[in-house]
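S.K.: Below is one structure. I have some questions about it.
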Amino acid sequence: MATINFLMANKKSIHKNPLIERKVNIITMGCSKNLVDSEQLAHQLEINDFKVYHESKAPQPITIINTCGFILDAKEESIAKILECVQLKNDHKIQVLIVYGCLAERYKNDLIKEIPEVDAVFGSNALESILHFMEATFFPEKLLNRKTATPQHYAYLKISEGCSHQCAFCAIPQIRGKQISKSIPTLKQEAEILADQGVKELILVAQDLSFYGFDLQKNLQLPTLVDTLAKIDALKWIRLHYLYPNSFPLQLLDIIKEHPNICHYLDIPIQHISDSVLQQMNRKITGDEIRKLLDTIKSKIPDIALRTSLIVGFPNETKKDFQQLADFVQEGYFDRLGVFTYSHEENTPAAKHLTDKISTKEKIKRQEQIMDIQHNVSWHKNQQKIGQTQQIIIDEINDKYAVGRTEFDSPEVDNTTIIQTSTNINIQVGSFYTAKIIGANAFDLEAEII
């Protein structure tokens, strides 16, 4: 059985460890950008003759947790996962436990002190350091290759790292640094590698897609990038996630209209609509400017699906501010919507200069009120889809039905489309089908293949 003679490093010493089987389980917490990092690490380990699993159901001798440290809930989930693995280590089901990523970047010393069972702690962008710790060779020429954790037919493409914005509530610039964009030729090559592996749906992610390329050429390069990627024939769908509204490149709308393989779907996090709250958040945009942008998008691409994220309970958010937000959501601009309660994050501008005086109970009440409004909006929007014919991609199949998505739905976060499998059609995962929508509720559609 293949084994490795590990050098165990922690805050106290470096010492030889007994022979350990070369099997690694990588557990990813948080966002799709973290998932891309995990996939990159997994491929580097595989070419070093490790057997690598993503989210293995059975414990593996070596466990690596890629943590999230963005907001309180995410931090708590990451800590809970670490402690769960510590227990498995105490039960001798895990031999080596490594923690890295955003939480480790922010709280490395605390983790080393409070959870000594963890054998090594690394921050973000630590791929080479992790490989060195594991006595593995770093292959920089293989960085565009990944062992994907998603189903074979879709994958994420991280087009930049970090963020150059200074939103008052956000710790990402502290954790990940300023924006560093990958070049268009590099991203095209990475996309082509994924397409050659069978990826049909490419989902572009970054902390802010809108600002892509500004650090490279002092102008917004996203339209050029998307135009380039859309010419890769094997990519049937290209989906865009997380475009800040204050730097949205309007030329992108023409690119979307030009290429049929770019999904009529945009994720635009507005966070709020009240000018007072937006100003305190340092979002560098007004409520009227947000409305104007959304109206422009919908006039250019009438059938586009818009997703957003909001924050309620931001310091000094008055009842009037909140009601303004609730009224705006009621107008139905957004097909998909997520709501976060404000989390006071250390060393952010909001934490330094504002008092978090809105109670947790009130924050949750506001969150639930917004979601109730959006539930009604989503129900009405989905009812209007009944009778329509749409392209569906199949994500999974079980004994009774298949689960797919329309171009207006991103995996994991949006509507699913349920298709009964008791037909004469041989439905396959990763394939596209023309289907008629025959039923709907607030968050799911039902369809039959034509």
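In the structure tokens, each chain is lettered A, B, ... as it comes, each chain's residues begin at 1, and ligands are numbered from 1 in order of appearance.
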I'd like the neighbourhood of Leu131 of chain A as JSON, numbers by chain, where a residue qualifies if any of its atoms comes within 12 Å (using only C-alpha atoms), though same-chain residues fewer than 3 positions away should be ignored.

M.R.: {"A": [6, 7, 40, 41, 42, 43, 44, 45, 46, 47, 48, 50, 64, 98, 120, 122, 125, 126, 127, 128, 134, 135, 136, 137, 138, 139, 140]}

S.K.: Quick one: everything within 12 Å of Arg291 of chain A, counting only C-alpha atoms, minus sequence neighbours fewer than 2 positions away in the same chain. Send it as a ChimeraX atom specification.

M.R.: /A:245-246,270,272-275,285-289,293-298,328-329,331-334

S.K.: For Gln391 of chain A, which residue among A:Thr318, A:Thr434, A:Ser276, A:Gln420 is the nearest when counting only C-alpha atoms?

M.R.: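 Counting only C-alpha atoms, the residue closest to Gln391 of chain A is A:Thr434.
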
S.K.: Hey, what's within 7 Å of segment 402-418 of chain A if we count only C-alpha atoms and toss same-chain stuff fewer than 6 positions away? As a list in words, please?

M.R.: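 The residues satisfying every condition are Cys263, His264, Tyr265, Ala305, Arg336, Gln390, Gln391, Ile392, Ile393, Ile394, Asp395, Glu396, Phe443, Asp444, Leu445, Glu446 and Ala447 of chain A.
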
S.K.: Keeping only all heavy atoms, write the selected residues to a file as a tab-separated table (two decimals), in the first residue's frame.

M.R.:
chain	number	residue	atom	x	y	z
A	263	CYS	N	-25.65	32.73	-21.23
A	263	CYS	CA	-26.96	32.65	-20.56
A	263	CYS	C	-27.52	34.05	-20.29
A	263	CYS	O	-26.78	34.96	-19.91
A	263	CYS	CB	-26.84	31.89	-19.24
A	263	CYS	SG	-26.42	30.16	-19.42
A	264	HIS	N	-28.83	34.16	-20.46
A	264	HIS	CA	-29.52	35.40	-20.11
A	264	HIS	C	-29.76	35.40	-18.60
A	264	HIS	O	-30.87	35.20	-18.11
A	264	HIS	CB	-30.83	35.53	-20.89
A	264	HIS	CG	-30.60	35.86	-22.33
A	264	HIS	ND1	-31.61	36.23	-23.19
A	264	HIS	CD2	-29.46	35.88	-23.08
A	264	HIS	CE1	-31.10	36.47	-24.39
A	264	HIS	NE2	-29.81	36.25	-24.34
A	265	TYR	N	-28.65	35.61	-17.90
A	265	TYR	CA	-28.63	35.48	-16.44
A	265	TYR	C	-27.47	36.33	-15.92
A	265	TYR	O	-26.35	36.22	-16.41
A	265	TYR	CB	-28.40	34.01	-16.07
A	265	TYR	CG	-28.21	33.72	-14.59
A	265	TYR	CD1	-29.26	33.17	-13.85
A	265	TYR	CD2	-27.01	33.94	-13.94
A	265	TYR	CE1	-29.09	32.89	-12.49
A	265	TYR	CE2	-26.84	33.66	-12.59
A	265	TYR	CZ	-27.88	33.13	-11.88
A	265	TYR	OH	-27.72	32.84	-10.54
A	305	ALA	N	-32.75	36.84	-16.50
A	305	ALA	CA	-33.01	36.54	-15.09
A	305	ALA	C	-31.93	37.22	-14.26
A	305	ALA	O	-30.74	37.08	-14.54
A	305	ALA	CB	-32.98	35.03	-14.86
A	336	ARG	N	-34.15	35.87	-8.55
A	336	ARG	CA	-33.52	35.13	-7.46
A	336	ARG	C	-32.94	36.14	-6.49
A	336	ARG	O	-32.43	37.20	-6.90
A	336	ARG	CB	-32.39	34.23	-7.98
A	336	ARG	CG	-32.66	33.59	-9.32
A	336	ARG	CD	-33.55	32.36	-9.18
A	336	ARG	NE	-33.77	31.76	-10.49
A	336	ARG	CZ	-34.89	31.84	-11.17
A	336	ARG	NH1	-35.90	32.53	-10.69
A	336	ARG	NH2	-35.01	31.25	-12.35
A	390	GLN	N	-38.42	25.45	-22.94
A	390	GLN	CA	-37.08	25.91	-22.60
A	390	GLN	C	-36.07	24.78	-22.74
A	390	GLN	O	-36.43	23.60	-22.66
A	390	GLN	CB	-37.05	26.46	-21.17
A	390	GLN	CG	-37.93	27.68	-20.96
A	390	GLN	CD	-37.69	28.35	-19.63
A	390	GLN	OE1	-36.81	27.98	-18.87
A	390	GLN	NE2	-38.51	29.35	-19.33
A	391	GLN	N	-34.81	25.17	-22.92
A	391	GLN	CA	-33.72	24.20	-22.88
A	391	GLN	C	-33.39	23.88	-21.43
A	391	GLN	O	-33.29	24.78	-20.59
A	391	GLN	CB	-32.48	24.76	-23.58
A	391	GLN	CG	-32.57	24.81	-25.09
A	391	GLN	CD	-32.58	23.41	-25.70
A	391	GLN	OE1	-33.61	22.95	-26.19
A	391	GLN	NE2	-31.46	22.73	-25.64
A	392	ILE	N	-33.22	22.59	-21.17
A	392	ILE	CA	-32.91	22.12	-19.81
A	392	ILE	C	-31.63	21.31	-19.86
A	392	ILE	O	-31.45	20.46	-20.73
A	392	ILE	CB	-34.04	21.21	-19.26
A	392	ILE	CG1	-35.41	21.91	-19.37
A	392	ILE	CG2	-33.75	20.77	-17.84
A	392	ILE	CD1	-35.62	23.03	-18.41
A	393	ILE	N	-30.73	21.56	-18.90
A	393	ILE	CA	-29.57	20.70	-18.74
A	393	ILE	C	-29.83	19.80	-17.52
A	393	ILE	O	-30.36	20.26	-16.51
A	393	ILE	CB	-28.26	21.49	-18.57
A	393	ILE	CG1	-27.04	20.56	-18.68
A	393	ILE	CG2	-28.22	22.29	-17.27
A	393	ILE	CD1	-25.71	21.27	-18.79
A	394	ILE	N	-29.49	18.52	-17.63
A	394	ILE	CA	-29.77	17.58	-16.55
A	394	ILE	C	-28.56	17.47	-15.62
A	394	ILE	O	-27.44	17.18	-16.06
A	394	ILE	CB	-30.10	16.18	-17.13
A	394	ILE	CG1	-31.29	16.27	-18.08
A	394	ILE	CG2	-30.38	15.19	-16.00
A	394	ILE	CD1	-32.57	16.77	-17.45
A	395	ASP	N	-28.80	17.70	-14.33
A	395	ASP	CA	-27.74	17.62	-13.33
A	395	ASP	C	-27.66	16.28	-12.63
A	395	ASP	O	-26.58	15.83	-12.25
A	395	ASP	CB	-27.94	18.72	-12.26
A	395	ASP	CG	-27.58	20.10	-12.77
A	395	ASP	OD1	-26.74	20.20	-13.69
A	395	ASP	OD2	-28.14	21.09	-12.26
A	396	GLU	N	-28.82	15.63	-12.44
A	396	GLU	CA	-28.81	14.33	-11.76
A	396	GLU	C	-30.07	13.55	-12.11
A	396	GLU	O	-31.08	14.12	-12.53
A	396	GLU	CB	-28.69	14.49	-10.25
A	396	GLU	CG	-29.83	15.27	-9.61
A	396	GLU	CD	-29.67	15.40	-8.11
A	396	GLU	OE1	-29.98	14.42	-7.40
A	396	GLU	OE2	-29.24	16.47	-7.64
A	443	PHE	N	-39.98	27.92	-6.01
A	443	PHE	CA	-38.55	27.67	-6.20
A	443	PHE	C	-38.24	26.49	-7.10
A	443	PHE	O	-37.08	26.16	-7.31
A	443	PHE	CB	-37.88	27.47	-4.84
A	443	PHE	CG	-38.03	28.66	-3.92
A	443	PHE	CD1	-38.76	28.57	-2.75
A	443	PHE	CD2	-37.46	29.89	-4.26
A	443	PHE	CE1	-38.90	29.68	-1.92
A	443	PHE	CE2	-37.60	30.99	-3.45
A	443	PHE	CZ	-38.33	30.88	-2.27
A	444	ASP	N	-39.24	25.83	-7.65
A	444	ASP	CA	-39.00	24.69	-8.53
A	444	ASP	C	-40.00	24.70	-9.69
A	444	ASP	O	-41.12	25.19	-9.56
A	444	ASP	CB	-39.13	23.37	-7.76
A	444	ASP	CG	-38.04	23.20	-6.73
A	444	ASP	OD1	-36.88	23.08	-7.14
A	444	ASP	OD2	-38.35	23.16	-5.54
A	445	LEU	N	-39.53	24.13	-10.80
A	445	LEU	CA	-40.38	23.97	-11.96
A	445	LEU	C	-40.57	22.49	-12.23
A	445	LEU	O	-39.74	21.66	-11.85
A	445	LEU	CB	-39.74	24.63	-13.18
A	445	LEU	CG	-39.37	26.10	-13.08
A	445	LEU	CD1	-38.59	26.54	-14.32
A	445	LEU	CD2	-40.60	26.96	-12.89
A	446	GLU	N	-41.65	22.14	-12.89
A	446	GLU	CA	-41.88	20.79	-13.37
A	446	GLU	C	-42.02	20.84	-14.88
A	446	GLU	O	-42.65	21.74	-15.42
A	446	GLU	CB	-43.14	20.19	-12.74
A	446	GLU	CG	-43.36	18.74	-13.12
A	446	GLU	CD	-44.63	18.16	-12.50
A	446	GLU	OE1	-45.27	18.87	-11.69
A	446	GLU	OE2	-44.97	17.01	-12.84
A	447	ALA	N	-41.38	19.90	-15.56
A	447	ALA	CA	-41.38	19.95	-17.02
A	447	ALA	C	-41.46	18.56	-17.61
A	447	ALA	O	-41.19	17.56	-16.94
A	447	ALA	CB	-40.13	20.66	-17.53

S.K.: Please provide the set of residues having any atom within 7 Å of Ala350 of chain A, restricted to only C-alpha atoms, with same-chain residues fewer than 2 positions apart removed, written as a CSV table (one decimal) with N, CA and C atoms, in the first residue's frame.

M.R.:
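The resulting file, part-v1.csv, is reproduced below:
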chain,number,residue,atom,x,y,z
A,168,ALA,N,-17.7,48.7,3.3
A,168,ALA,CA,-17.5,48.9,4.7
A,168,ALA,C,-17.7,47.6,5.5
A,169,PHE,N,-18.5,46.7,5.0
A,169,PHE,CA,-18.9,45.5,5.7
A,169,PHE,C,-18.0,44.3,5.4
A,348,THR,N,-12.9,45.7,9.7
A,348,THR,CA,-13.6,46.3,8.6
A,348,THR,C,-13.9,47.7,8.9
A,352,LYS,N,-15.0,49.3,12.7
A,352,LYS,CA,-14.2,50.4,13.3
A,352,LYS,C,-14.9,51.6,13.6
A,353,HIS,N,-15.9,52.0,12.8
A,353,HIS,CA,-16.5,53.3,12.9
A,353,HIS,C,-18.0,53.3,13.2
A,354,LEU,N,-18.7,52.2,13.1
A,354,LEU,CA,-20.1,52.1,13.4
A,354,LEU,C,-20.4,51.2,14.5

S.K.: Can you tell me, as a PyMOL selection string, which residues in segment 193-362 of chain A count as alpha helix (DSSP H) by DSSP?

M.R.: chain A and resi 193-196+214-217+222-229+251-258+275-281+287-300+319-330+349-353+360-362

S.K.: Convert the current residue selection to file output with C-alpha atoms, as a short mmCIF file (atom, residue, chain, number, x, y, z; two decimals), in the first residue's frame.

M.R.:
data_model
loop_
_atom_site.label_atom_id
_atom_site.label_comp_id
_atom_site.auth_asym_id
_atom_site.auth_seq_id
_atom_site.Cartn_x
_atom_site.Cartn_y
_atom_site.Cartn_z
CA ILE A 193 -8.92 22.53 -20.90
CA LEU A 194 -12.22 22.31 -19.03
CA ALA A 195 -14.16 22.02 -22.30
CA ASP A 196 -11.88 19.18 -23.40
CA PHE A 214 -8.77 47.03 -14.70
CA ASP A 215 -5.57 46.13 -12.84
CA LEU A 216 -4.06 44.89 -16.10
CA GLN A 217 -4.93 47.64 -18.59
CA LEU A 222 -14.94 41.66 -19.04
CA PRO A 223 -16.77 42.17 -22.36
CA THR A 224 -13.62 41.19 -24.27
CA LEU A 225 -13.07 38.14 -22.09
CA VAL A 226 -16.67 36.93 -22.41
CA ASP A 227 -16.60 37.49 -26.16
CA THR A 228 -13.43 35.37 -26.36
CA LEU A 229 -14.80 32.52 -24.23
CA GLN A 251 -20.92 46.87 -23.45
CA LEU A 252 -21.36 43.43 -21.93
CA LEU A 253 -25.06 43.52 -22.78
CA ASP A 254 -24.27 43.67 -26.50
CA ILE A 255 -21.90 40.71 -26.13
CA ILE A 256 -24.62 38.69 -24.38
CA LYS A 257 -27.09 39.46 -27.18
CA GLU A 258 -24.52 38.55 -29.83
CA ASP A 275 -29.01 55.95 -0.39
CA SER A 276 -28.18 56.41 3.28
CA VAL A 277 -27.28 52.75 3.77
CA LEU A 278 -25.46 52.49 0.43
CA GLN A 279 -23.34 55.49 1.37
CA GLN A 280 -22.44 54.04 4.76
CA MET A 281 -21.63 50.74 3.06
CA GLY A 287 -30.48 53.77 -5.37
CA ASP A 288 -31.53 55.69 -8.49
CA GLU A 289 -28.38 54.56 -10.30
CA ILE A 290 -29.14 50.95 -9.38
CA ARG A 291 -32.67 51.28 -10.77
CA LYS A 292 -31.36 52.89 -13.95
CA LEU A 293 -28.86 50.06 -14.46
CA LEU A 294 -31.47 47.35 -13.90
CA ASP A 295 -33.92 49.09 -16.25
CA THR A 296 -31.20 49.34 -18.91
CA ILE A 297 -30.38 45.65 -18.60
CA LYS A 298 -34.01 44.61 -18.84
CA SER A 299 -34.70 46.90 -21.80
CA LYS A 300 -31.73 45.43 -23.71
CA LYS A 319 -37.09 51.29 9.70
CA LYS A 320 -37.58 53.75 6.83
CA ASP A 321 -34.44 52.44 5.10
CA PHE A 322 -35.63 48.88 5.51
CA GLN A 323 -39.12 49.65 4.26
CA GLN A 324 -37.58 51.27 1.20
CA LEU A 325 -35.70 48.03 0.56
CA ALA A 326 -38.80 45.89 1.12
CA ASP A 327 -40.82 48.04 -1.30
CA PHE A 328 -38.07 47.74 -3.89
CA VAL A 329 -37.98 43.94 -3.64
CA GLN A 330 -41.75 43.91 -4.06
CA PRO A 349 -14.49 50.00 8.24
CA ALA A 350 -17.99 49.34 9.58
CA ALA A 351 -16.64 47.56 12.65
CA LYS A 352 -14.15 50.36 13.30
CA HIS A 353 -16.51 53.31 12.86
CA THR A 360 -30.06 39.75 16.14
CA LYS A 361 -33.78 39.19 16.58
CA GLU A 362 -34.61 42.30 14.56
#

S.K.: I want to know what sits within 7 Å of Pro315 of chain A, based on only C-alpha atoms, with residues of the same chain fewer than 3 positions away left out; could you give that as a PyMOL selection string?

M.R.: chain A and resi 354-358

S.K.: As a ChimeraX atom specification, please: all residues of segment 139-265 of chain A that backbone DSSP puts in strand (DSSP E or B).

M.R.: /A:154-158,160-161,180-181,201-205,237-240,262-265

S.K.: So which residues touch segment 234-239 of chain A within 6 Å, counting only C-alpha atoms, skipping near sequence neighbours fewer than 4 positions away, as an NGL selection string?

M.R.: :A and (195 or 200-203 or 261-263)

S.K.: Using only C-alpha atoms, can you tell me which of A:Leu103, A:Cys170, A:Ala230, A:Val118 comes closest to Ile62 of chain A?

M.R.: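 When distances to Ile62 of chain A are compared using only C-alpha atoms, the smallest one comes from A:Val118.
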
S.K.: Smallest atom-to-atom distance to Ile130 of chain A: which of A:Ile172, A:Leu243, A:Val99, A:Leu143, using only C-alpha atoms?

M.R.: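 When distances to Ile130 of chain A are compared using only C-alpha atoms, the smallest one comes from A:Val99.
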